[in-house]
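Remarks on the structure that follows.
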Amino acid sequence: MKYSAQKGTKDILPADIFRWHKAEKVFSDVCHSFGYEEIRIPTFEQTELFARGVGDTTDVVTKEMYTFNDKGGRSITLRPEGTAGVVRSYIENGMASLPSPVRMYYNITSFRYENVQKGRMREFHQFGLESFGSTGPVIDAEIISVADVFFKKIGLKNIKLRINSIGCPACRNKYNEMLKDYFRPHVSSMCEDCQARFEKNPLRMIDCKIDGGKEVVQNAPRLIDHLCDDCKAHFEGLKSRLDAVGIKYTIDPNIVRGLDYYTRTVFEFVSENVGTQGTICGGGRYDGLVENCGGAPTPGIGFAMGVERLLMEAEAQGVLFEKNDSVRIYFAGMSEAASQKIAAICYDLRLKGIGCETDLMGRSFKAQMKYAGKSGIPYLSVIGDDELKSGEVRIKCMADGSEETVKIDAIGEYLTDK
RNA sequence: GUGGGAUUAGUUCAGCUGGUUAGAGCGCUAGUUUGUGGCACUAGAAAUCAUGGGUUCGAAUCCCAUAUCCCACCCCA
């Protein structure tokens, strides 16, 4: 039997892991610099939470969830995103009593049963963050700047920020009615999807790929022009805050977001190298979500970033990720006695936090040298009877071939100074 | 759920219109005589040619189905 990784899943191999470590480090550092602390939530939750939180009419919930009954008869779902779980945790752990805003970031895998394509997997990784308790546009702008700073720190260029406001339930309902009135005479001439959208979610008709080019669609009233006064003020506040910091953006009235919980601010960071799945990071405000999940009315906002997409973009842009070689020195042994001494030396060095390697294959001296050369380990030392007798070794710098003599007890210090 | 392209050693690929023991580069292991590497040379291991059927005297090669991979629709990170 030949086993293979399941459709839509991928191994992250040792040869590539340094890129992930780097991205994770930068993300957590940036989040910490804004005062966010990490939260780790479970991989699965009760199905109901996602149906409630993400919205039971969304594609994610209706056709993309990994749902099963466990042996106790509970309906379990592998998280399709992180927000619902964080919200659950916020409520369950009484975080409302913590100083506001409560800010958390996370690094998780998510699961969606979808057809695979470029930048889209069934198990994928997300960096995300959530902030609870603040209504003002100040936090909206700050969330966006976390992502912006992160992209700069990673070294990505030309990631475009697009923002929009989809209003509060009040202005959105009013707008939906307006849209329906507008489209009603034209529905019959539109695509099947749009005919379905007309009843369920007319907002979506605006960014339809098929009918999008039609004059009727292009001239349709835009939500951004029909916000209530409060929502309008909020959006203006966000823009002026972004301007103040110098973050560039474009207003894209077509950003809708497919998760039901969003209100007011929605945004995306988009690239052109990830195929048609260009959204590297997407997020927005969700003022009704905590209450909807059983908590006290609490405003919230957050984003999620697709790590695979992020790394793909980094690769496409030729961003360099440094790989720090943790193994500093290779010891080649000339005899059994030498190799026993080497084992003791290595043990000591590792206690001191210095990485080292020696032969594990029973190789000849020559073959050990070959391995040392190919492995890229920066320093080399040969230990044989002479060294055992003298208590001194010669340490060779592989890059330039220079050698220095060092007492065996002082190898650690020698390497630390380098 | 719907389309298009692909699937041959660990990996990247050859294998022409069906014809004996399926090849190469890279990688891997060992050696090129015993105290200094990456190179070079030599040898070796490694493939039920994605899986299951079918056509044929004969299939990696032709046909069908399934799976997986890549890309796209939809949707999202």
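Here's how to read the names in the structure tokens: chain A, B, ... by the order shown, residue numbers from 1 in each chain, ligand numbers from 1 in the order shown.
Summary of the local environment: counting only C-alpha atoms (C1' of nucleotides), residues at most 12 Å from U51 of chain B, other than itself and those fewer than 6 positions away along its chain, are Met1 and Lys2 of chain A; U7, A65, U66, A67 and U68 of chain B.
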Which chain B residues are at most 8 Å from chain A (counting only C-alpha atoms (C1' of nucleotides)), as a short mmCIF file (atom, residue, chain, number, x, y, z; two decimals) with C-alpha atoms (C1' of nucleotides), in the first residue's frame?
```cif
data_model
loop_
_atom_site.label_atom_id
_atom_site.label_comp_id
_atom_site.auth_asym_id
_atom_site.auth_seq_id
_atom_site.Cartn_x
_atom_site.Cartn_y
_atom_site.Cartn_z
"C1'" G B 35 45.26 13.16 9.01
"C1'" U B 36 41.60 17.56 5.90
"C1'" G B 37 35.99 19.18 2.42
"C1'" G B 38 32.62 20.99 -1.82
"C1'" U B 68 -4.38 12.32 -7.30
"C1'" C B 70 -1.85 21.59 -11.63
"C1'" C B 71 -5.13 25.51 -13.54
"C1'" C B 75 -16.30 31.13 -2.98
"C1'" C B 76 -12.61 32.47 0.35
"C1'" A B 77 -7.21 33.33 3.48
#
```
What parts of segment 333-417 of chain A does DSSP call strand (DSSP E or B)? I'd like the answer as a tab-separated table (two decimals) with N, CA and C atoms, in the first residue's frame.
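Once written, result_13.tsv looks like this:
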```tsv
chain	number	residue	atom	x	y	z
A	333	GLY	N	36.05	12.05	13.22
A	333	GLY	CA	36.85	11.20	14.11
A	333	GLY	C	37.72	10.23	13.34
A	355	GLY	N	25.35	24.13	18.65
A	355	GLY	CA	25.00	22.99	17.82
A	355	GLY	C	26.23	22.35	17.20
A	356	CYS	N	26.27	21.03	17.18
A	356	CYS	CA	27.40	20.34	16.58
A	356	CYS	C	26.96	18.99	16.05
A	357	GLU	N	27.75	18.45	15.15
A	357	GLU	CA	27.43	17.15	14.56
A	357	GLU	C	28.69	16.32	14.44
A	358	THR	N	28.46	15.02	14.40
A	358	THR	CA	29.57	14.12	14.10
A	358	THR	C	29.00	12.91	13.38
A	379	TYR	N	32.10	25.21	10.56
A	379	TYR	CA	33.41	24.87	11.13
A	379	TYR	C	33.63	23.37	11.15
A	380	LEU	N	34.89	23.00	11.10
A	380	LEU	CA	35.25	21.59	11.09
A	380	LEU	C	36.42	21.36	12.02
A	381	SER	N	36.40	20.22	12.71
A	381	SER	CA	37.57	19.85	13.51
A	381	SER	C	37.79	18.36	13.38
A	382	VAL	N	39.05	17.99	13.16
A	382	VAL	CA	39.41	16.57	13.06
A	382	VAL	C	40.00	16.14	14.39
A	383	ILE	N	39.51	15.04	14.90
A	383	ILE	CA	40.05	14.55	16.17
A	383	ILE	C	40.57	13.12	16.00
A	392	GLU	N	44.38	19.51	22.48
A	392	GLU	CA	44.10	20.67	21.62
A	392	GLU	C	43.60	20.20	20.27
A	393	VAL	N	42.72	21.01	19.67
A	393	VAL	CA	42.25	20.67	18.32
A	393	VAL	C	42.45	21.86	17.39
A	394	ARG	N	42.47	21.55	16.12
A	394	ARG	CA	42.50	22.63	15.15
A	394	ARG	C	41.09	22.80	14.60
A	395	ILE	N	40.61	24.03	14.61
A	395	ILE	CA	39.27	24.31	14.10
A	395	ILE	C	39.40	25.04	12.79
A	396	LYS	N	38.78	24.46	11.79
A	396	LYS	CA	38.91	25.02	10.45
A	396	LYS	C	37.64	25.74	10.04
A	397	CYS	N	37.80	26.93	9.52
A	397	CYS	CA	36.67	27.67	8.97
A	397	CYS	C	36.49	27.20	7.53
A	403	GLU	N	42.74	27.97	9.72
A	403	GLU	CA	42.67	27.08	10.88
A	403	GLU	C	43.24	27.77	12.12
A	404	GLU	N	42.67	27.41	13.27
A	404	GLU	CA	43.23	27.91	14.51
A	404	GLU	C	43.28	26.77	15.52
A	405	THR	N	44.27	26.83	16.40
A	405	THR	CA	44.39	25.79	17.40
A	405	THR	C	43.69	26.23	18.68
A	406	VAL	N	42.88	25.34	19.23
A	406	VAL	CA	42.07	25.67	20.39
A	406	VAL	C	42.12	24.51	21.37
A	407	LYS	N	42.16	24.80	22.65
A	407	LYS	CA	42.08	23.75	23.66
A	407	LYS	C	40.68	23.13	23.64
```
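Take atom CA of Lys323 of chain A and atom CA of Arg19 of chain A: the distance between them is 8.0 Å.
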Shortest interatomic distance to Glu268 of chain A - which of A:Leu360, A:Ile41, A:Ile345, A:Ile159, counting only C-alpha atoms: A:Ile159
Which neighbours of Phe68 of chain A fall inside 9 Å, counting only C-alpha atoms (C1' of nucleotides), when residues of the same chain fewer than 3 positions from it are skipped, and could you give them as an MDAnalysis selection string? chainID A and resid 47 74:78
Take the residues that were just selected and, keeping C-alpha atoms, output them as a JSON list (two decimals), in the first residue's frame.
```json
[["chain", "number", "residue", "atom", "x", "y", "z"],
["A", 47, "THR", "CA", -20.70, 22.60, 14.71],
["A", 74, "ARG", "CA", -21.65, 15.29, 19.37],
["A", 75, "SER", "CA", -21.55, 17.13, 16.05],
["A", 76, "ILE", "CA", -17.99, 18.34, 15.69],
["A", 77, "THR", "CA", -16.50, 20.60, 13.03],
["A", 78, "LEU", "CA", -12.88, 21.28, 12.19]]
```
Using DSSP on the backbone coordinates, identify the residues of segment 291-356 of chain A assigned to helix (DSSP H, G or I); present them as a PDB file with C-alpha atoms, in the first residue's frame.
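Below is the file selection_2.pdb, written as the result:
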```
ATOM      1  CA  GLU A 291     -23.765  39.081  21.006  1.00  0.00           C
ATOM      2  CA  ASN A 292     -24.882  36.654  18.329  1.00  0.00           C
ATOM      3  CA  VAL A 307       0.134  31.917   5.184  1.00  0.00           C
ATOM      4  CA  GLU A 308       0.546  29.743   2.070  1.00  0.00           C
ATOM      5  CA  ARG A 309      -0.500  32.701  -0.051  1.00  0.00           C
ATOM      6  CA  LEU A 310       1.815  34.977   1.846  1.00  0.00           C
ATOM      7  CA  LEU A 311       4.799  32.699   1.286  1.00  0.00           C
ATOM      8  CA  MET A 312       3.868  32.211  -2.351  1.00  0.00           C
ATOM      9  CA  GLU A 313       3.868  35.948  -2.822  1.00  0.00           C
ATOM     10  CA  ALA A 314       7.174  36.281  -1.000  1.00  0.00           C
ATOM     11  CA  GLU A 315       8.686  33.658  -3.263  1.00  0.00           C
ATOM     12  CA  ALA A 316       7.341  35.353  -6.378  1.00  0.00           C
ATOM     13  CA  GLU A 336      36.873   4.658  17.942  1.00  0.00           C
ATOM     14  CA  ALA A 337      38.617   6.318  20.884  1.00  0.00           C
ATOM     15  CA  ALA A 338      38.381   9.667  19.132  1.00  0.00           C
ATOM     16  CA  SER A 339      34.729   9.229  18.332  1.00  0.00           C
ATOM     17  CA  GLN A 340      33.985   8.497  21.986  1.00  0.00           C
ATOM     18  CA  LYS A 341      35.773  11.679  22.989  1.00  0.00           C
ATOM     19  CA  ILE A 342      33.831  13.547  20.322  1.00  0.00           C
ATOM     20  CA  ALA A 343      30.563  12.273  21.750  1.00  0.00           C
ATOM     21  CA  ALA A 344      31.551  13.724  25.139  1.00  0.00           C
ATOM     22  CA  ILE A 345      32.618  17.033  23.588  1.00  0.00           C
ATOM     23  CA  CYS A 346      29.343  17.296  21.639  1.00  0.00           C
ATOM     24  CA  TYR A 347      27.280  16.547  24.725  1.00  0.00           C
ATOM     25  CA  ASP A 348      29.001  19.372  26.546  1.00  0.00           C
ATOM     26  CA  LEU A 349      28.650  21.820  23.670  1.00  0.00           C
ATOM     27  CA  ARG A 350      24.953  21.101  23.314  1.00  0.00           C
ATOM     28  CA  LEU A 351      24.440  21.760  27.019  1.00  0.00           C
TER      29      LEU A 351
END
```
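Residues in contact with Thr135 of chain A at 7 Å, where only C-alpha atoms (C1' of nucleotides) are counted and same-chain residues fewer than 2 positions away are skipped, are listed as Gly133, Pro137 and Pro299 of chain A.
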Here atom CA of Ile354 of chain A and atom CA of Gly412 of chain A stand apart by 7.0 Å
For Leu49 of chain A, find every residue with an atom within 10 Å (counting only C-alpha atoms (C1' of nucleotides)), except residues of its own chain fewer than 3 positions away, and show them as a count of residues only. 14
List the neighbours of C62 of chain B out to 12 Å using only C-alpha atoms (C1' of nucleotides); skip same-chain residues closer than 5 positions along the sequence, and give me the result as a ChimeraX atom specification. /B:17-18,54-56
For A22 of chain B: contacts at 9 Å, only C-alpha atoms (C1' of nucleotides), fewer than 5 positions along chain excluded, given as a PyMOL selection string: chain B and resi 8+15+47+49+60
Based on the selection just made, write N, CA and C atoms (P, O5', C5', C4', C3', O3' and C1' of nucleotides) of those residues as a PDB file, in the first residue's frame.
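File again25.pdb, as written:
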```pdb
ATOM      1  P     U B   8       4.904  10.647 -12.924  1.00  0.00           P
ATOM      2  O5'   U B   8       5.383   9.352 -13.716  1.00  0.00           O
ATOM      3  C5'   U B   8       5.004   8.064 -13.267  1.00  0.00           C
ATOM      4  C4'   U B   8       5.945   7.046 -13.824  1.00  0.00           C
ATOM      5  C3'   U B   8       7.397   7.228 -13.423  1.00  0.00           C
ATOM      6  O3'   U B   8       7.646   6.652 -12.162  1.00  0.00           O
ATOM      7  C1'   U B   8       7.291   6.906 -15.748  1.00  0.00           C
ATOM      8  P     G B  15      10.038  11.760 -25.304  1.00  0.00           P
ATOM      9  O5'   G B  15      10.166  10.177 -25.244  1.00  0.00           O
ATOM     10  C5'   G B  15      11.068   9.505 -26.116  1.00  0.00           C
ATOM     11  C4'   G B  15      11.134   8.050 -25.753  1.00  0.00           C
ATOM     12  C3'   G B  15       9.814   7.279 -25.791  1.00  0.00           C
ATOM     13  O3'   G B  15       9.424   6.909 -27.099  1.00  0.00           O
ATOM     14  C1'   G B  15      10.947   6.767 -23.803  1.00  0.00           C
ATOM     15  P     A B  47      12.465  -0.090  -6.493  1.00  0.00           P
ATOM     16  O5'   A B  47      11.986   0.896  -7.627  1.00  0.00           O
ATOM     17  C5'   A B  47      11.174   2.037  -7.310  1.00  0.00           C
ATOM     18  C4'   A B  47      10.204   2.233  -8.431  1.00  0.00           C
ATOM     19  C3'   A B  47       9.531   0.921  -8.856  1.00  0.00           C
ATOM     20  O3'   A B  47       8.404   0.590  -8.061  1.00  0.00           O
ATOM     21  C1'   A B  47      10.353   2.176 -10.750  1.00  0.00           C
ATOM     22  P     C B  49       4.678  -0.855 -13.170  1.00  0.00           P
ATOM     23  O5'   C B  49       4.547   0.637 -13.632  1.00  0.00           O
ATOM     24  C5'   C B  49       4.400   1.711 -12.699  1.00  0.00           C
ATOM     25  C4'   C B  49       4.648   2.955 -13.519  1.00  0.00           C
ATOM     26  C3'   C B  49       3.497   3.279 -14.463  1.00  0.00           C
ATOM     27  O3'   C B  49       3.298   4.669 -14.393  1.00  0.00           O
ATOM     28  C1'   C B  49       5.498   3.043 -15.694  1.00  0.00           C
ATOM     29  P     A B  60       3.698  -2.317 -20.349  1.00  0.00           P
ATOM     30  O5'   A B  60       3.930  -0.829 -19.814  1.00  0.00           O
ATOM     31  C5'   A B  60       2.987  -0.215 -18.938  1.00  0.00           C
ATOM     32  C4'   A B  60       3.026   1.280 -19.086  1.00  0.00           C
ATOM     33  C3'   A B  60       2.415   1.804 -20.385  1.00  0.00           C
ATOM     34  O3'   A B  60       1.049   2.051 -20.223  1.00  0.00           O
ATOM     35  C1'   A B  60       4.579   2.740 -20.065  1.00  0.00           C
TER      36        A B  60
END
```
How many Å separate atom CA of Gly288 of chain A from atom CA of Tyr261 of chain A? 6.9 Å
